Structures are given as structure tokens and as C-alpha cells.
>>> print(open('input20.cif').read())   # mmCIF, C-alpha atoms and all ligand atoms
data_work
#
loop_
_atom_site.group_PDB
_atom_site.id
_atom_site.type_symbol
_atom_site.label_atom_id
_atom_site.label_comp_id
_atom_site.auth_asym_id
_atom_site.auth_seq_id
_atom_site.Cartn_x
_atom_site.Cartn_y
_atom_site.Cartn_z
ATOM 1 C CA MET A 308 0.000 0.000 0.000
ATOM 2 C CA GLY A 309 1.271 3.455 -0.905
ATOM 3 C CA VAL A 310 1.473 6.589 1.195
ATOM 4 C CA GLU A 311 -1.651 8.473 2.247
ATOM 5 C CA ILE A 312 -1.943 12.284 2.388
ATOM 6 C CA ARG A 313 -4.307 13.943 4.914
ATOM 7 C CA PRO A 314 -4.700 17.735 5.199
ATOM 8 C CA LEU A 315 -3.668 19.277 8.537
ATOM 9 C CA SER A 316 -5.634 22.508 8.220
ATOM 10 C CA TYR A 317 -7.623 24.259 5.515
ATOM 11 C CA ALA A 318 -4.815 26.752 4.907
ATOM 12 C CA MET A 319 -1.881 24.417 4.590
ATOM 13 C CA GLY A 320 -0.045 21.297 5.658
ATOM 14 C CA ALA A 321 -0.639 17.594 5.243
ATOM 15 C CA GLU A 322 0.217 14.525 7.220
ATOM 16 C CA VAL A 323 1.915 11.768 5.251
ATOM 17 C CA ARG A 324 0.979 8.306 6.493
ATOM 18 C CA GLY A 325 2.645 5.061 5.517
ATOM 19 C CA LEU A 326 6.176 6.405 5.118
ATOM 20 C CA ASP A 327 9.091 4.664 6.856
ATOM 21 C CA LEU A 328 12.271 6.650 6.467
ATOM 22 C CA THR A 329 14.475 3.897 7.861
ATOM 23 C CA ARG A 330 14.182 2.476 4.308
ATOM 24 C CA PRO A 331 14.684 4.092 0.905
ATOM 25 C CA VAL A 332 11.487 5.674 -0.425
ATOM 26 C CA GLY A 333 10.310 4.197 -3.743
ATOM 27 C CA ASP A 334 9.741 6.423 -6.770
ATOM 28 C CA GLU A 335 5.940 6.124 -6.687
ATOM 29 C CA ASP A 336 5.706 7.180 -3.038
ATOM 30 C CA TRP A 337 8.259 9.917 -3.632
ATOM 31 C CA ALA A 338 6.175 11.407 -6.455
ATOM 32 C CA VAL A 339 3.126 11.583 -4.128
ATOM 33 C CA VAL A 340 5.164 13.099 -1.288
ATOM 34 C CA HIS A 341 6.807 15.673 -3.538
ATOM 35 C CA GLN A 342 3.493 16.760 -5.081
ATOM 36 C CA ALA A 343 1.955 17.115 -1.592
ATOM 37 C CA PHE A 344 4.970 19.210 -0.537
ATOM 38 C CA LEU A 345 4.331 21.609 -3.434
ATOM 39 C CA ASP A 346 0.546 21.652 -2.948
ATOM 40 C CA ARG A 347 0.394 21.946 0.850
ATOM 41 C CA GLY A 348 3.691 23.754 1.710
ATOM 42 C CA LEU A 349 4.227 21.654 4.838
ATOM 43 C CA LEU A 350 4.335 17.911 5.480
ATOM 44 C CA LEU A 351 4.234 16.046 8.772
ATOM 45 C CA VAL A 352 5.627 12.524 9.041
ATOM 46 C CA ARG A 353 5.124 11.113 12.527
ATOM 47 C CA GLY A 354 7.034 8.372 14.312
ATOM 48 C CA GLN A 355 10.362 8.624 12.487
ATOM 49 C CA ARG A 356 13.011 7.043 14.721
ATOM 50 C CA ILE A 357 15.724 7.622 12.173
ATOM 51 C CA THR A 358 19.477 8.058 12.364
ATOM 52 C CA ARG A 359 21.181 11.276 11.360
ATOM 53 C CA GLU A 360 22.394 9.544 8.200
ATOM 54 C CA GLN A 361 18.826 8.499 7.301
ATOM 55 C CA HIS A 362 17.586 12.046 7.936
ATOM 56 C CA ILE A 363 20.262 13.398 5.584
ATOM 57 C CA ALA A 364 19.674 10.711 2.942
ATOM 58 C CA PHE A 365 15.922 11.395 2.741
ATOM 59 C CA SER A 366 16.508 15.171 2.714
ATOM 60 C CA ARG A 367 18.700 14.765 -0.388
ATOM 61 C CA ARG A 368 15.630 13.644 -2.344
ATOM 62 C CA PHE A 369 14.539 17.306 -2.248
ATOM 63 C CA GLY A 370 17.836 18.652 -3.599
ATOM 64 C CA GLU A 371 21.358 19.683 -2.677
ATOM 65 C CA LEU A 372 21.818 20.216 1.056
ATOM 66 C CA ASP A 373 23.221 23.297 2.748
ATOM 67 C CA ARG A 374 26.363 22.610 4.797
ATOM 68 C CA HIS A 375 25.468 25.619 6.934
ATOM 69 C CA ASP A 376 28.620 27.649 6.356
ATOM 70 C CA ASN A 377 26.521 30.698 7.284
ATOM 71 C CA LEU A 378 25.809 29.249 10.746
ATOM 72 C CA PRO A 379 28.931 27.180 11.499
ATOM 73 C CA LYS A 380 28.516 27.197 15.284
ATOM 74 C CA ASP A 381 25.031 25.688 15.085
ATOM 75 C CA ARG A 382 25.837 22.688 12.905
ATOM 76 C CA ASP A 383 26.846 19.219 14.014
ATOM 77 C CA PRO A 384 30.640 18.969 13.560
ATOM 78 C CA ARG A 385 30.345 15.441 12.173
ATOM 79 C CA HIS A 386 27.340 16.147 9.950
ATOM 80 C CA PRO A 387 27.531 19.729 8.658
ATOM 81 C CA GLU A 388 24.213 19.133 6.861
ATOM 82 C CA LEU A 389 22.528 19.016 10.275
ATOM 83 C CA LEU A 390 21.728 22.176 12.208
ATOM 84 C CA MET A 391 21.008 21.802 15.910
ATOM 85 C CA VAL A 392 17.950 23.589 17.292
ATOM 86 C CA THR A 393 18.515 22.870 20.945
ATOM 87 C CA ASN A 394 18.527 24.226 24.446
ATOM 88 C CA ASP A 395 21.244 21.750 25.489
ATOM 89 C CA ALA A 396 24.114 23.630 27.172
ATOM 90 C CA GLN A 397 27.401 23.791 25.247
ATOM 91 C CA ALA A 398 30.387 21.625 26.201
ATOM 92 C CA ASP A 399 31.795 24.420 28.438
ATOM 93 C CA GLY A 400 28.451 24.749 30.239
ATOM 94 C CA SER A 401 27.419 28.009 28.576
ATOM 95 C CA PRO A 402 23.863 28.253 27.192
ATOM 96 C CA SER A 403 23.122 27.041 23.679
ATOM 97 C CA ASN A 404 23.246 29.711 20.983
ATOM 98 C CA SER A 405 20.444 27.996 19.098
ATOM 99 C CA ARG A 406 17.925 28.044 21.950
ATOM 100 C CA TYR A 407 16.212 31.046 20.337
ATOM 101 C CA THR A 408 16.417 29.789 16.755
ATOM 102 C CA GLY A 409 13.323 30.712 14.806
ATOM 103 C CA GLN A 410 11.649 32.951 17.382
ATOM 104 C CA LEU A 411 10.928 35.569 14.706
ATOM 105 C CA TRP A 412 8.630 34.984 11.715
ATOM 106 C CA HIS A 413 10.999 33.972 8.931
ATOM 107 C CA SER A 414 11.752 31.844 5.915
ATOM 108 C CA ASP A 415 14.977 29.877 6.326
ATOM 109 C CA MET A 416 18.252 31.396 5.149
ATOM 110 C CA SER A 417 16.503 34.459 3.655
ATOM 111 C CA PHE A 418 19.585 36.412 4.793
ATOM 112 C CA THR A 419 21.776 34.555 2.278
ATOM 113 C CA LEU A 420 22.112 34.656 -1.501
ATOM 114 C CA ARG A 421 20.772 31.115 -1.771
ATOM 115 C CA PRO A 422 17.723 31.034 0.506
ATOM 116 C CA ALA A 423 16.413 27.619 1.419
ATOM 117 C CA LEU A 424 14.095 25.644 -0.825
ATOM 118 C CA GLY A 425 12.987 23.460 2.038
ATOM 119 C CA SER A 426 13.777 22.396 5.592
ATOM 120 C CA LEU A 427 13.335 19.031 7.317
ATOM 121 C CA LEU A 428 13.140 19.413 11.102
ATOM 122 C CA ARG A 429 12.977 16.321 13.305
ATOM 123 C CA ALA A 430 11.987 16.421 16.958
ATOM 124 C CA VAL A 431 14.303 14.320 19.108
ATOM 125 C CA ASP A 432 13.140 15.568 22.498
ATOM 126 C CA VAL A 433 10.303 18.020 23.141
ATOM 127 C CA PRO A 434 8.611 19.269 26.319
ATOM 128 C CA MET A 435 5.315 17.624 27.239
ATOM 129 C CA VAL A 436 3.500 20.880 26.451
ATOM 130 C CA GLY A 437 4.493 23.909 24.427
ATOM 131 C CA GLY A 438 7.448 24.646 22.188
ATOM 132 C CA ASP A 439 5.001 24.765 19.277
ATOM 133 C CA THR A 440 5.838 26.054 15.806
ATOM 134 C CA MET A 441 3.526 28.270 13.715
ATOM 135 C CA PHE A 442 3.446 28.307 9.921
ATOM 136 C CA ALA A 443 1.836 30.737 7.472
ATOM 137 C CA ASN A 444 0.889 30.117 3.845
ATOM 138 C CA MET A 445 2.452 33.026 1.961
ATOM 139 C CA VAL A 446 0.776 32.185 -1.341
ATOM 140 C CA LEU A 447 -2.687 32.502 0.222
ATOM 141 C CA ALA A 448 -1.517 35.677 1.956
ATOM 142 C CA TYR A 449 -0.302 37.186 -1.320
ATOM 143 C CA ASP A 450 -3.470 36.218 -3.192
ATOM 144 C CA ALA A 451 -5.625 37.894 -0.527
ATOM 145 C CA LEU A 452 -3.920 41.303 -0.857
ATOM 146 C CA SER A 453 -5.792 44.067 -2.651
ATOM 147 C CA SER A 454 -4.738 44.893 -6.213
ATOM 148 C CA GLY A 455 -3.515 48.273 -4.947
ATOM 149 C CA MET A 456 -1.225 46.674 -2.370
ATOM 150 C CA LYS A 457 0.042 44.158 -4.934
ATOM 151 C CA LYS A 458 1.034 47.083 -7.183
ATOM 152 C CA LEU A 459 2.632 48.984 -4.309
ATOM 153 C CA ILE A 460 4.905 46.119 -3.259
ATOM 154 C CA ALA A 461 5.602 44.620 -6.700
ATOM 155 C CA ASP A 462 9.123 46.015 -7.044
ATOM 156 C CA LEU A 463 10.106 46.356 -3.395
ATOM 157 C CA HIS A 464 13.079 44.544 -1.900
ATOM 158 C CA GLY A 465 13.205 43.803 1.822
ATOM 159 C CA ILE A 466 16.553 43.859 3.610
ATOM 160 C CA HIS A 467 16.955 40.667 5.632
ATOM 161 C CA HIS A 468 19.218 40.479 8.691
ATOM 162 C CA SER A 469 20.422 37.287 10.339
ATOM 163 C CA GLU A 470 20.058 38.350 13.975
ATOM 164 C CA ARG A 471 18.093 36.219 16.416
ATOM 165 C CA LYS A 472 15.336 37.532 18.623
ATOM 166 C CA ASN A 473 17.162 37.623 21.942
ATOM 167 C CA SER A 474 20.444 39.463 21.871
ATOM 168 C CA ASN A 475 21.995 37.757 24.910
ATOM 169 C CA LEU A 476 23.762 35.204 22.717
ATOM 170 C CA SER A 477 27.521 34.924 23.128
ATOM 171 C CA ALA A 478 29.419 37.970 21.847
ATOM 172 C CA GLU A 479 31.563 35.609 19.801
ATOM 173 C CA TRP A 480 28.493 34.115 18.070
ATOM 174 C CA GLU A 481 27.106 37.580 17.342
ATOM 175 C CA ALA A 482 30.419 38.841 15.912
ATOM 176 C CA GLU A 483 30.853 35.801 13.680
ATOM 177 C CA ASN A 484 27.250 36.027 12.543
ATOM 178 C CA ARG A 485 27.666 39.680 11.527
ATOM 179 C CA ARG A 486 30.906 38.903 9.678
ATOM 180 C CA LEU A 487 29.463 35.941 7.750
ATOM 181 C CA ASN A 488 26.043 37.387 7.004
ATOM 182 C CA PRO A 489 25.829 40.951 5.675
ATOM 183 C CA PRO A 490 22.256 42.226 5.152
ATOM 184 C CA ILE A 491 20.727 40.806 1.957
ATOM 185 C CA ALA A 492 17.997 42.419 -0.147
ATOM 186 C CA GLN A 493 15.324 40.009 -1.381
ATOM 187 C CA PRO A 494 12.225 40.698 -3.479
ATOM 188 C CA ILE A 495 9.089 41.076 -1.347
ATOM 189 C CA VAL A 496 7.179 39.039 -3.924
ATOM 190 C CA ARG A 497 8.801 35.884 -5.244
ATOM 191 C CA VAL A 498 7.586 33.545 -7.949
ATOM 192 C CA HIS A 499 7.783 29.914 -6.875
ATOM 193 C CA PRO A 500 10.120 28.229 -9.377
ATOM 194 C CA GLU A 501 8.134 24.964 -9.413
ATOM 195 C CA THR A 502 4.492 26.036 -9.091
ATOM 196 C CA GLY A 503 4.769 29.439 -10.790
ATOM 197 C CA ARG A 504 2.674 30.968 -7.988
ATOM 198 C CA LYS A 505 3.512 34.295 -6.358
ATOM 199 C CA ALA A 506 4.219 34.395 -2.633
ATOM 200 C CA LEU A 507 4.895 37.165 -0.144
ATOM 201 C CA TYR A 508 8.499 37.031 1.040
ATOM 202 C CA ILE A 509 8.560 39.034 4.253
ATOM 203 C CA GLY A 510 9.179 38.353 7.912
ATOM 204 C CA GLU A 511 10.555 39.825 11.109
ATOM 205 C CA LYS A 512 14.128 39.614 9.817
ATOM 206 C CA VAL A 513 13.248 42.338 7.325
ATOM 207 C CA LYS A 514 14.327 45.613 8.897
ATOM 208 C CA CYS A 515 13.591 47.967 5.982
ATOM 209 C CA PHE A 516 12.943 48.170 2.266
ATOM 210 C CA GLU A 517 15.857 48.910 -0.016
ATOM 211 C CA GLY A 518 16.042 52.629 -0.757
ATOM 212 C CA MET A 519 13.953 53.509 2.302
ATOM 213 C CA THR A 520 14.776 54.146 5.946
ATOM 214 C CA PRO A 521 13.710 51.769 8.730
ATOM 215 C CA GLU A 522 11.256 54.432 9.998
ATOM 216 C CA GLU A 523 9.637 54.728 6.573
ATOM 217 C CA SER A 524 9.558 50.960 6.061
ATOM 218 C CA GLN A 525 8.360 49.620 9.405
ATOM 219 C CA PRO A 526 4.660 50.527 9.120
ATOM 220 C CA LEU A 527 4.315 48.629 5.823
ATOM 221 C CA ILE A 528 6.417 45.714 7.114
ATOM 222 C CA ASP A 529 4.049 45.489 10.101
ATOM 223 C CA VAL A 530 0.945 45.581 7.881
ATOM 224 C CA LEU A 531 2.268 42.783 5.653
ATOM 225 C CA ILE A 532 3.333 40.534 8.558
ATOM 226 C CA ARG A 533 0.045 41.082 10.391
ATOM 227 C CA HIS A 534 -1.825 40.230 7.189
ATOM 228 C CA ALA A 535 0.259 37.120 6.400
ATOM 229 C CA THR A 536 -0.074 35.698 9.912
ATOM 230 C CA ARG A 537 -3.870 35.936 10.139
ATOM 231 C CA PRO A 538 -5.205 32.688 11.611
ATOM 232 C CA GLN A 539 -6.900 31.659 8.366
ATOM 233 C CA PHE A 540 -3.502 31.448 6.623
ATOM 234 C CA ALA A 541 -1.825 29.559 9.476
ATOM 235 C CA TYR A 542 -1.162 26.165 11.007
ATOM 236 C CA ARG A 543 0.157 25.543 14.528
ATOM 237 C CA HIS A 544 2.205 22.417 15.067
ATOM 238 C CA VAL A 545 2.192 20.680 18.455
ATOM 239 C CA TRP A 546 5.290 18.501 18.443
ATOM 240 C CA GLN A 547 5.634 14.852 19.412
ATOM 241 C CA PRO A 548 9.027 13.136 19.623
ATOM 242 C CA ASN A 549 10.080 11.677 16.246
ATOM 243 C CA ASP A 550 7.893 14.052 14.250
ATOM 244 C CA LEU A 551 9.531 15.131 11.029
ATOM 245 C CA LEU A 552 8.216 18.394 9.583
ATOM 246 C CA ILE A 553 9.134 19.289 6.023
ATOM 247 C CA TRP A 554 8.321 22.779 4.758
ATOM 248 C CA ASP A 555 8.663 24.736 1.554
ATOM 249 C CA ASN A 556 10.435 27.992 2.412
ATOM 250 C CA ARG A 557 9.387 29.516 -0.912
ATOM 251 C CA SER A 558 5.696 29.433 -0.106
ATOM 252 C CA THR A 559 5.568 29.547 3.698
ATOM 253 C CA MET A 560 7.151 31.253 6.707
ATOM 254 C CA HIS A 561 7.301 30.035 10.286
ATOM 255 C CA LEU A 562 7.870 30.966 13.917
ATOM 256 C CA ALA A 563 9.127 28.996 16.928
ATOM 257 C CA LEU A 564 6.808 30.187 19.687
ATOM 258 C CA GLY A 565 9.210 29.526 22.556
ATOM 259 C CA ASP A 566 6.174 28.796 24.748
ATOM 260 C CA TYR A 567 7.734 26.177 27.011
ATOM 261 C CA ASP A 568 9.509 25.667 30.296
ATOM 262 C CA PRO A 569 13.198 26.351 29.546
ATOM 263 C CA ALA A 570 14.208 23.878 32.273
ATOM 264 C CA LEU A 571 12.906 21.092 30.007
ATOM 265 C CA ARG A 572 14.909 19.695 27.121
ATOM 266 C CA ARG A 573 13.918 20.726 23.599
ATOM 267 C CA HIS A 574 16.180 19.271 20.947
ATOM 268 C CA LEU A 575 15.443 19.216 17.225
ATOM 269 C CA GLU A 576 17.687 18.677 14.212
ATOM 270 C CA ARG A 577 17.274 20.261 10.793
ATOM 271 C CA THR A 578 18.546 19.750 7.301
ATOM 272 C CA THR A 579 18.221 22.618 4.843
ATOM 273 C CA VAL A 580 17.739 22.152 1.101
ATOM 274 C CA LEU A 581 19.417 24.846 -0.986
ATOM 275 C CA GLY A 582 17.155 26.943 -3.174
ATOM 276 C CA THR A 583 17.803 28.922 -6.328
ATOM 277 C CA PRO A 584 20.023 32.031 -6.068
ATOM 278 C CA SER A 585 18.072 35.116 -5.023
ATOM 279 C CA GLY A 586 18.767 38.658 -3.817
ATOM 280 C CA HIS A 587 21.862 40.819 -3.553
ATOM 281 C CA VAL A 588 23.984 42.398 -0.841
ATOM 282 C CA ALA A 589 21.899 45.313 0.405
ATOM 283 C CA GLN A 590 22.536 48.985 -0.198
ATOM 284 C CA LEU A 591 21.644 50.563 3.124
ATOM 285 C CA GLU A 592 19.958 53.966 2.976
ATOM 286 C CA VAL A 593 21.814 56.626 4.920
ATOM 287 C CA THR A 594 19.876 59.782 5.696
ATOM 288 C CA ALA A 595 21.032 63.101 7.129
HETATM 289 O O1 LIG B 1 12.302 25.252 16.772
HETATM 290 C C1 LIG B 1 11.336 25.459 16.063
HETATM 291 O O2 LIG B 1 10.186 25.286 16.438
HETATM 292 C C2 LIG B 1 11.530 26.012 14.672
HETATM 293 C C3 LIG B 1 12.963 26.218 14.340
HETATM 294 C C4 LIG B 1 13.129 27.114 13.165
HETATM 295 O O3 LIG B 1 12.511 28.134 13.065
HETATM 296 C C5 LIG B 1 14.047 26.754 12.116
HETATM 297 O O4 LIG B 1 14.710 25.711 12.202
HETATM 298 O O5 LIG B 1 14.117 27.523 11.139
#
>>> encode(input="input20.cif", output="C-alpha cells")
Amino acid sequence: MGVEIRPLSYAMGAEVRGLDLTRPVGDEDWAVVHQAFLDRGLLLVRGQRITREQHIAFSRRFGELDRHDNLPKDRDPRHPELLMVTNDAQADGSPSNSRYTGQLWHSDMSFTLRPALGSLLRAVDVPMVGGDTMFANMVLAYDALSSGMKKLIADLHGIHHSERKNSNLSAEWEAENRRLNPPIAQPIVRVHPETGRKALYIGEKVKCFEGMTPEESQPLIDVLIRHATRPQFAYRHVWQPNDLLIWDNRSTMHLALGDYDPALRRHLERTTVLGTPSGHVAQLEVTA
């Protein structure tokens, strides 16, 4: 029997049943999974007790994997394709730099010149309650804008920064992050290379529009994020251990809510599939 696809919410997402990633996925099942990924923007595969190697091998079906040179401190030294999203303390006892990963609405690696096509995040250990992740369907959000707003934003570029929400990360991490990741300008509207559909490409890592000051930009950034994250465009994922979530970064954005007891372990591991080149190093507007 082949895989079965069941919608998770009206807006987006689907659960894939009947997939066992400890074994290679056959071509017929893969075709169904890949089509559901494009159609629904987010896939959930529950109960995947897989090794890191199996996680990486399945991820490669989606395309070439990022070795996370833009976030070298967050990757697993033995598997650079795997990024740790964890609140485990570091070897020297200092707090994890990735404990705040994703706590701003974002699309993965938007602050690079090759933003992610997709991400595959597996829950190893999650608190009994909380630590949920929210997703928004950016194609639905774009479609629902007025024609006037579509015209207004058509040629805008947003400048994406790589900072994390809380700034009490180690000074060393912050300095390296700034050095490796200059601000990158990305179009606010992107055309999905596989579906041909337009999607909003905005998030809380966008600090201003190119050619405009932060003060001029922020009101419109706020309007677009508020619009895109309306409940009817969203899905909220409540994690179970061994859940694998797979999302399309070209048609969705997401947010780690951080709504959990920090004394409890939360450890997830992510592969990132490289997307097509996009954007350019930003020209920052300097005003008198
Ligand atoms: O930890 C989460 O819930 C999401 C992590 C995240 O935003 C990411 O890996 O991009």
C-alpha cells in the first residue's frame, strides 16, 4: 500500500501516512510526497526514529543540502548538513546559541544569496507541552492582498538580517554572525520556481525596504506581517518526539513560539535544502 496524504488545516499542511524513512522511499511514493509538498507547503511525518544519516539521505531527495557555512557554530561537527535547534548547554556549560532559533517569523536562510528551498526538522526531544511552531501560507496571503497593495509592493526589496530575537547570545556568536552574514535584499514578492505561484516574502528579519529608511519601512512591514499571519492562513504544530516536519520555504514562513519551560529539554535537528540564487547584498539607505 502506498502513502496516504491527509490535510492538517484548511490553509496548509498535510500529514503523510505510511512512510518509513528507515528504508529508501520508492519512486511512486516519492512522487506523491513531492506533489503534496508543493501543494500543501508543509508535510508532517510522525514516528520517524531515524538516524542522522537516514535524515540526511531522505533530505537529499529534495535537492542539494546546505552545509550551513553561514551558521557554522550551530551545525553538528560530524554532519555539517545538520543544524542543531537545541537548548542543550554547550560543552563548556554556557547556554546554547540555538535556543532562540526561529523565534521571529521567517523563511529559512533568507539572509543569504541562496535562501532555502525546504527544511526538514525532526523532533528528538520536546517538552510535554508547548514549544510549538507556527506556519503561514504566503501564497494565500499574497493572493488575498488588494490589487492596490500588490502594485505597491511589486518592485520592493526587503533587507533581511540574520540576527536572532534575543540578543543575549555569546558575543563571539554575534560577531561571527555579523561577519558571515551581511544584510541581503530580497524581493518582497517571489515567484515559486516549481508552481509558478507568487508568494509574499517578508518576515521579522526584514528591517527595511531597499532605498527607504527603517522608519519609513516599518509601518508597511508590520501591515504585511500582520496580514500574512492571520489565523486563516496559518497552522500551529504541536510537536511529538520523532515528528519530522518538512516545509517549503518559498511558499511559507514560520515561527518557533518559545512557549515552554526552559528547564525542560527541547532538541530538534534540521537539514536545509538549498534553493535557487536570489537577492543581492543590500545597499543601506543613509539619511542626514
Ligand atoms: O524550533 C522550532 O520550532 C523552529 C525552528 C526554526 O525556526 C528553524 O529551524 O528555522
>>> atom_distance(input="input20.cif", atom1="CA of Ala563 in chain A", atom2="CA of Arg429 in chain A")
13.7 Å
>>> residues_around(input="input20.cif", residues="Leu531 in chain A", least_positions_apart="3", cutoff="10 Å", atoms="only C-alpha atoms", output="short mmCIF file (atom, residue, chain, number, x, y, z; two decimals) with C-alpha atoms, keeping the file's coordinate frame")
data_model
loop_
_atom_site.label_atom_id
_atom_site.label_comp_id
_atom_site.auth_asym_id
_atom_site.auth_seq_id
_atom_site.Cartn_x
_atom_site.Cartn_y
_atom_site.Cartn_z
CA ALA A 448 -1.52 35.68 1.96
CA TYR A 449 -0.30 37.19 -1.32
CA LEU A 452 -3.92 41.30 -0.86
CA MET A 456 -1.23 46.67 -2.37
CA ILE A 460 4.90 46.12 -3.26
CA ILE A 495 9.09 41.08 -1.35
CA LEU A 507 4.89 37.16 -0.14
CA TYR A 508 8.50 37.03 1.04
CA ILE A 509 8.56 39.03 4.25
CA GLY A 510 9.18 38.35 7.91
CA GLN A 525 8.36 49.62 9.40
CA PRO A 526 4.66 50.53 9.12
CA LEU A 527 4.32 48.63 5.82
CA ILE A 528 6.42 45.71 7.11
CA HIS A 534 -1.82 40.23 7.19
CA ALA A 535 0.26 37.12 6.40
CA THR A 536 -0.07 35.70 9.91
#
>>> closest_residue(input="input20.cif", among="A:Glu517, A:Glu335, A:Asp373, A:Asp346", to="Gly309 in chain A", atoms="all atoms listed in the file")
A:Glu335
>>> residues_around(input="input20.cif", residues="range 329-333 of chain A", least_positions_apart="4", cutoff="9 Å", atoms="all atoms listed in the file", output="MDAnalysis selection string")
chainID A and resid 337:338 355:358 361:362 364:365
>>> resolve_selection(input="input20.cif", expression="the PyMOL selection byres (((not hetatm)) within 9 of (chain B and resi 1))", output="PyMOL selection string")
chain A and resi 390-393+405-416+426-428+430+438-441+544+546+560-565+573-579
